[in-house]
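Structure data follow from work_16.cif (mmCIF, C-alpha atoms):
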```
data_start
loop_
_atom_site.label_atom_id
_atom_site.label_comp_id
_atom_site.auth_asym_id
_atom_site.auth_seq_id
_atom_site.Cartn_x
_atom_site.Cartn_y
_atom_site.Cartn_z
CA MET A 102 86.30 420.42 49.09
CA ALA A 103 84.60 423.82 48.99
CA VAL A 104 80.86 424.49 49.03
CA GLU A 105 79.64 427.44 46.95
CA ILE A 106 76.68 429.36 48.40
CA PRO A 107 75.54 432.50 46.54
CA GLY A 108 75.90 435.60 48.66
CA TYR A 109 77.99 433.89 51.30
CA ARG A 110 81.66 433.31 51.69
CA ARG A 111 83.07 429.96 50.81
CA LEU A 112 82.58 427.28 53.43
CA HIS A 113 85.08 424.50 53.70
CA ALA A 114 83.94 421.06 54.74
CA PRO A 115 85.61 419.81 57.92
CA ARG A 116 88.58 417.60 57.36
CA ARG A 117 87.55 415.13 60.04
CA THR A 118 83.96 414.08 60.59
CA ALA A 119 82.53 412.89 63.90
CA SER A 120 82.45 409.30 62.64
CA MET A 121 86.13 409.49 61.75
CA VAL A 122 86.95 410.75 65.25
CA ALA A 123 84.87 407.98 66.82
CA LEU A 124 86.62 405.36 64.73
CA ASN A 125 89.98 406.82 65.69
CA ILE A 126 89.10 406.68 69.40
CA SER A 127 87.73 403.15 69.18
CA GLY A 128 90.87 402.09 67.36
CA ARG A 129 92.92 403.05 70.38
CA PHE A 130 90.87 400.58 72.44
CA SER A 131 91.43 397.66 70.09
CA ASN A 132 93.72 396.17 72.71
CA PRO A 133 91.31 394.80 75.36
CA TRP A 134 93.80 395.17 78.21
CA LEU A 135 94.48 398.77 77.28
CA GLY A 136 90.74 399.50 77.19
CA ARG A 137 90.15 397.91 80.58
CA CYS A 138 93.06 399.75 82.16
CA ALA A 139 91.85 403.04 80.68
CA SER A 140 88.39 402.45 82.17
CA LEU A 141 89.98 402.01 85.60
CA LEU A 142 91.83 405.34 85.46
CA PRO A 143 88.83 407.50 86.53
CA VAL A 144 88.15 405.10 89.39
CA ALA A 145 91.76 405.30 90.52
CA LEU A 146 91.71 409.09 90.26
CA ILE A 147 88.64 409.47 92.49
CA THR A 148 89.99 406.90 94.96
CA ALA A 149 93.26 408.81 95.20
CA CYS A 150 91.39 412.10 95.70
CA ILE A 151 89.35 410.61 98.54
CA ALA A 152 92.49 409.19 100.15
CA HIS A 153 94.15 412.61 99.94
CA TYR A 154 91.29 415.04 100.61
CA GLY A 155 88.81 412.96 102.61
CA VAL A 156 88.70 413.78 106.31
CA ASN A 157 86.98 412.00 109.16
CA VAL A 158 85.03 415.06 110.27
CA PRO A 159 81.20 415.16 110.29
CA PHE A 160 79.68 417.72 107.96
CA ALA A 161 76.08 418.97 107.70
CA ASP A 162 73.78 415.91 107.60
CA ASP A 163 76.50 413.72 109.12
CA TRP A 164 75.76 415.34 112.48
CA ASP A 165 72.17 414.11 112.34
CA LEU A 166 73.51 410.56 112.46
CA SER A 167 75.50 411.09 115.65
CA SER A 168 72.67 409.99 117.95
CA PHE A 169 72.07 406.93 115.79
CA VAL A 170 75.78 406.06 115.97
CA SER A 171 75.57 406.22 119.76
CA LYS A 172 72.64 403.78 119.72
CA ALA A 173 74.50 401.48 117.32
CA VAL A 174 77.63 401.44 119.49
CA HIS A 175 75.56 400.41 122.51
CA HIS A 176 73.55 397.88 120.44
CA LYS A 177 70.27 399.70 120.99
CA VAL A 178 69.26 400.04 117.34
CA GLN A 179 65.70 399.02 116.54
CA LEU A 180 63.83 398.81 113.26
CA ARG A 181 62.06 402.11 113.95
CA HIS A 182 65.45 403.82 114.21
CA LEU A 183 66.46 402.48 110.81
CA LEU A 184 63.20 403.63 109.22
CA GLN A 185 63.10 407.02 110.89
CA GLN A 186 62.51 409.83 108.42
CA HIS A 187 65.35 412.19 107.53
CA ASN A 188 64.16 415.40 105.88
CA GLU A 189 62.08 414.23 102.90
CA HIS A 190 63.19 410.59 102.76
CA ARG A 191 64.09 407.57 104.86
CA ILE A 192 67.78 406.65 104.74
CA PHE A 193 67.43 403.00 105.73
CA PHE A 194 70.43 401.88 103.67
CA LEU A 195 72.77 404.55 105.04
CA ARG A 196 71.74 403.86 108.63
CA LEU A 197 72.34 400.16 108.03
CA VAL A 198 75.85 400.95 106.78
CA VAL A 199 76.54 403.19 109.77
CA ALA A 200 75.28 400.52 112.16
CA ALA A 201 77.52 397.93 110.51
CA GLN A 202 80.47 400.29 110.91
CA ALA A 203 79.71 400.77 114.60
CA TRP A 204 79.52 397.02 115.15
CA LEU A 205 82.45 395.88 113.01
CA LEU A 206 84.96 398.76 113.13
CA PRO A 207 86.69 400.34 116.13
CA GLN A 208 85.17 403.75 115.35
CA TRP A 209 82.80 405.55 113.01
CA ASP A 210 85.03 406.62 110.13
CA LEU A 211 83.34 408.73 107.48
CA ARG A 212 86.07 407.92 104.98
CA THR A 213 84.74 404.37 104.89
CA GLN A 214 81.47 405.74 103.52
CA MET A 215 83.41 407.79 100.96
CA PHE A 216 85.15 404.69 99.66
CA LEU A 217 81.80 402.90 99.73
CA SER A 218 80.57 405.54 97.27
CA VAL A 219 83.35 404.49 94.90
CA ALA A 220 82.39 400.83 95.29
CA LEU A 221 78.72 401.53 94.60
CA CYS A 222 79.55 403.64 91.56
CA SER A 223 81.89 400.91 90.30
CA LEU A 224 79.05 398.40 90.49
CA THR A 225 76.87 400.81 88.52
CA ALA A 226 79.57 401.06 85.87
CA GLY A 227 79.78 397.26 85.79
CA ASN A 228 76.04 397.05 85.17
CA MET A 229 76.35 399.54 82.33
CA PHE A 230 79.13 397.47 80.75
CA ILE A 231 76.88 394.40 80.92
CA LEU A 232 74.03 396.31 79.29
CA ILE A 233 76.30 397.56 76.51
CA LYS A 234 77.47 394.04 75.78
CA LYS A 235 73.95 392.58 75.84
CA THR A 236 72.02 395.25 73.97
CA LEU A 237 74.44 396.79 71.44
CA SER A 238 76.11 395.06 68.52
CA LEU A 239 79.49 396.73 68.70
CA SER A 240 83.03 395.64 68.10
CA SER A 241 85.18 395.10 71.15
CA GLY A 242 87.11 398.32 70.52
CA VAL A 243 83.99 400.47 70.24
CA ARG A 244 82.44 398.73 73.25
CA LEU A 245 85.49 399.47 75.39
CA ALA A 246 85.55 403.07 74.16
CA VAL A 247 81.90 403.53 75.13
CA GLY A 248 82.60 401.91 78.48
CA PHE A 249 85.49 404.28 79.05
CA CYS A 250 83.24 407.28 78.33
CA ILE A 251 80.64 405.96 80.78
CA THR A 252 83.29 405.54 83.46
CA VAL A 253 84.55 409.08 82.89
CA LEU A 254 81.01 410.44 83.30
CA LEU A 255 80.19 408.37 86.38
CA PHE A 256 83.46 409.17 88.14
CA SER A 257 83.54 412.82 87.20
CA PRO A 258 85.42 415.08 89.64
CA VAL A 259 82.69 417.67 89.07
CA GLN A 260 80.68 416.00 91.83
CA TYR A 261 83.61 416.29 94.24
CA GLU A 262 81.26 417.18 97.08
CA ASN A 263 79.59 413.79 96.78
CA TRP A 264 82.92 411.97 96.77
CA ILE A 265 84.33 413.58 99.92
CA TRP A 266 81.09 413.70 101.91
CA GLY A 267 80.34 410.44 103.69
CA PHE A 268 76.61 411.03 103.93
CA GLN A 269 76.30 411.14 100.15
CA CYS A 270 77.09 407.45 99.71
CA ALA A 271 73.36 406.79 99.98
CA PHE A 272 72.76 408.75 96.79
CA PHE A 273 74.82 406.27 94.78
CA VAL A 274 72.39 403.48 95.64
CA PRO A 275 69.43 404.50 93.38
CA PRO A 276 71.56 404.56 90.18
CA LEU A 277 72.98 401.18 91.15
CA CYS A 278 69.52 399.74 91.74
CA LEU A 279 68.21 401.24 88.50
CA SER A 280 71.04 399.83 86.40
CA ALA A 281 70.77 396.47 88.19
CA SER A 282 67.06 396.33 87.41
CA TRP A 283 67.85 396.94 83.73
CA VAL A 284 70.28 394.02 83.82
CA VAL A 285 67.61 391.85 85.43
CA LEU A 286 64.92 392.88 82.94
CA THR A 287 67.17 392.10 79.96
CA SER A 288 68.21 388.72 81.35
CA ASN A 289 66.81 385.28 80.55
CA MET A 290 65.12 384.91 83.93
CA ARG A 291 61.49 384.02 84.28
CA ILE A 292 59.02 386.89 84.29
CA SER A 293 58.13 386.31 87.94
CA ALA A 294 61.80 386.40 88.98
CA LYS A 295 62.33 389.61 87.02
CA PHE A 296 59.32 391.18 88.70
CA TRP A 297 60.30 390.34 92.26
CA LEU A 298 63.96 391.24 91.82
CA SER A 299 63.04 394.56 90.22
CA ALA A 300 60.57 395.23 93.03
CA LEU A 301 63.28 394.48 95.61
CA LEU A 302 65.75 396.81 93.89
CA THR A 303 63.12 399.53 93.65
CA THR A 304 62.37 399.22 97.36
CA LEU A 305 66.07 399.45 98.20
CA ALA A 306 66.42 402.56 96.05
CA MET A 307 63.35 404.13 97.64
CA PHE A 308 64.77 403.76 101.16
CA SER A 309 68.21 405.14 100.30
#
```
So, in terms of structure tokens, how does the structure I just supplied come out?
Amino acid sequence: MAVEIPGYRRLHAPRRTASMVALNISGRFSNPWLGRCASLLPVALITACIAHYGVNVPFADDWDLSSFVSKAVHHKVQLRHLLQQHNEHRIFFLRLVVAAQAWLLPQWDLRTQMFLSVALCSLTAGNMFILIKKTLSLSSGVRLAVGFCITVLLFSPVQYENWIWGFQCAFFVPPLCLSASWVVLTSNMRISAKFWLSALLTTLAMFS
């Protein structure tokens, strides 16, 4: 179909509209197993990249944790060490993870923190899937297509520096806490339970 505009050349309407493209994409996810497997592809890609490119060598802020690792190995960690300020924030969660590594693993391996980033981001994606199911009235195909797009965005290789830098695992905690608080607030819990759980998640995010 052509659109006539005086003084301008003829403009042809696009053959495929955005809604048609969206329906075509969602149709490919009509098979639930196919949609779930497709959503796991970005996770597998980032995991493979970490396994291939991740190295157990401290970088930048990782060196600031070396003294804390020494205290953790010799079981001399106190609460004040966990709450000690690092630059403009307090990395309580990350120090707790490093202390657990020192106590449970033979050595401090930064690749463990890299894979922890994948786990934290996967939990965030899971929260987003729950929110999509609870708040949007979509067919299963469209819901899986939206979930796939969210997974692609969350596990984007663009932030490769975050994936292969152990220290950055702490920065995946606030999005996880935020999405978890949304799940809590949209649940059928009592108001008091929602308040205290959201406050706990906010505190965890603040000290990460």
> Applied to the shown file, which residues does the PyMOL selection byres ((chain A and resi 141-147) around 12) return, written as an NGL selection string?
Replying inline: :A and (134-140 or 148-155 or 215-224 or 226-227 or 245 or 248-265)
>> I need the output of the PyMOL selection byres ((chain A and resi 169) around 12) for this file as a PyMOL selection string; which residues are they?
In response: chain A and resi 163-168+170-185+187+192-193+195-203+209
Applying the PyMOL selection byres ((chain A and resi 157) around 8) to the file I just gave you, which residues come out? Please list them as a short mmCIF file (atom, residue, chain, number, x, y, z; two decimals) with C-alpha atoms, in the coordinates of the input.
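File written: result_35.cif
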```cif
data_model
loop_
_atom_site.label_atom_id
_atom_site.label_comp_id
_atom_site.auth_asym_id
_atom_site.auth_seq_id
_atom_site.Cartn_x
_atom_site.Cartn_y
_atom_site.Cartn_z
CA GLY A 155 88.81 412.96 102.61
CA VAL A 156 88.70 413.78 106.31
CA VAL A 158 85.03 415.06 110.27
CA PRO A 159 81.20 415.16 110.29
CA ASP A 210 85.03 406.62 110.13
CA LEU A 211 83.34 408.73 107.48
CA ARG A 212 86.07 407.92 104.98
#
```
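Between CA of Phe194 in chain A and CA of Leu305 in chain A the interatomic distance comes to 7.4 Å.
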> What is the distance between CA of Val274 in chain A and CA of Ala306 in chain A, in Å to one decimal?
Replying inline: 6.1 Å
>> Counting only C-alpha atoms, which residue out of A:Gln208, A:Gln214, A:Asn228, A:Gln186 sits closest to Pro276 in chain A?
In response: A:Asn228
